[in-house]
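Notes to accompany the following structure.
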Amino acid sequence: MKLGDGLFLETCRDVSRLYPDIEFSDMIVDNCCMQIVSNPWQFDVMLFPNLYGNIVGNIAVGLVGGPGVVAGKNVGGDYAIFETATRNTGKNIAGKNTANPSSMLLASALMLDHIGLHRHGELIRNAVYTTLSERMVHTPDVGGLHTTRDVVQSVIEEIENSKQYPVARRN
């Protein structure tokens with residue numbers, strides 16, 4: 001790991017010199033984990049190799065509601081992947097209709113934004129936010145008693161009732 005970590009850090013430092021107007025700093029991952037819990041607003045952009053990104057990402061997701069509510073976006077030069085923000089497989093809730101679909105719906109909105117369908121992405125994102133914040137439709141992972149289907153149905157209703165972007169109603 002030392003060689004890989006060293007190469008990653010060296011490459012980051014080299015690239016940062018090409019952009020002197022952008023502040024660059026580094027810290028070891030255990031301190032970073034403590035800092036993200038105790039003082040998260042100090043970070044604007046964080047860059048990690050895969051393992052450390054997963055560790056710090058999981059901590060950050062835990063701070064804001066858990067894996068069911070945070071979307072992930074990985075963008076490269078030629079490809080982009082949109083997913084839940086953690087690699088939490090949810091095997092213990094499979095088939096129980098209790099999984100929180102918000103993170104996948106929000107990842108879908110990010111994908112729509114990425115391909116230029118901003119109106120559609122915004123429509124889904126707003127419907128999810130309204131479902132969680134105003135309608136208070138919450139699955140057990142965020143302290144509620146609603147089901148996966150309840151959340152999805154609420155999002156569908158919000159989209160159908162949207163005044164911002166009228167859509168055709170289902171029959």
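Chain labels A, B, ... are given in the sequence in which chains occur in the structure tokens; within each chain residues are numbered consecutively from 1, and ligands are likewise numbered from 1 in the order shown.
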
Would you pick out the contacts of A:Asn74 at 12 Å or less, using only C-alpha atoms, so that residues sharing its chain but fewer than 3 positions from it are not included, and give the list as a PyMOL selection string?
chain A and resi 47+50+53+71+77-85+107+110-111+114

If we count only C-alpha atoms and set the cut-off at 12 Å, which residues sit around stretch 6-19 of chain A, ignoring sequence neighbours fewer than 2 positions away in its own chain? Please answer as a PyMOL selection string.
chain A and resi 1-4+21-28+46-50+52

Give me the stretch 19-65 of chain A side of the contact with stretch 120-144 of chain A, cut-off 12 Å, one line per residue showing its nearest atom pair and distance in Å at one decimal, counting only C-alpha atoms, sorted by chain and residue number, as JSON lines.
{"residue": "A:Gly62", "atom": "CA", "partner": "A:Val142", "partner_atom": "CA", "distance": 10.8}
{"residue": "A:Leu63", "atom": "CA", "partner": "A:Val142", "partner_atom": "CA", "distance": 11.8}
{"residue": "A:Val64", "atom": "CA", "partner": "A:Val142", "partner_atom": "CA", "distance": 10.1}
{"residue": "A:Gly65", "atom": "CA", "partner": "A:Val142", "partner_atom": "CA", "distance": 6.5}

Residue nearest A:Met104 - candidates A:Leu145, A:Arg119, A:Lys91, A:Val152, atoms counted: only C-alpha atoms:
A:Val152

Identify, with DSSP run on backbone atoms, the residues in stretch 74-142 of chain A assigned to alpha helix (DSSP H), and express the list as a ChimeraX atom specification.
/A:102-114,118-133
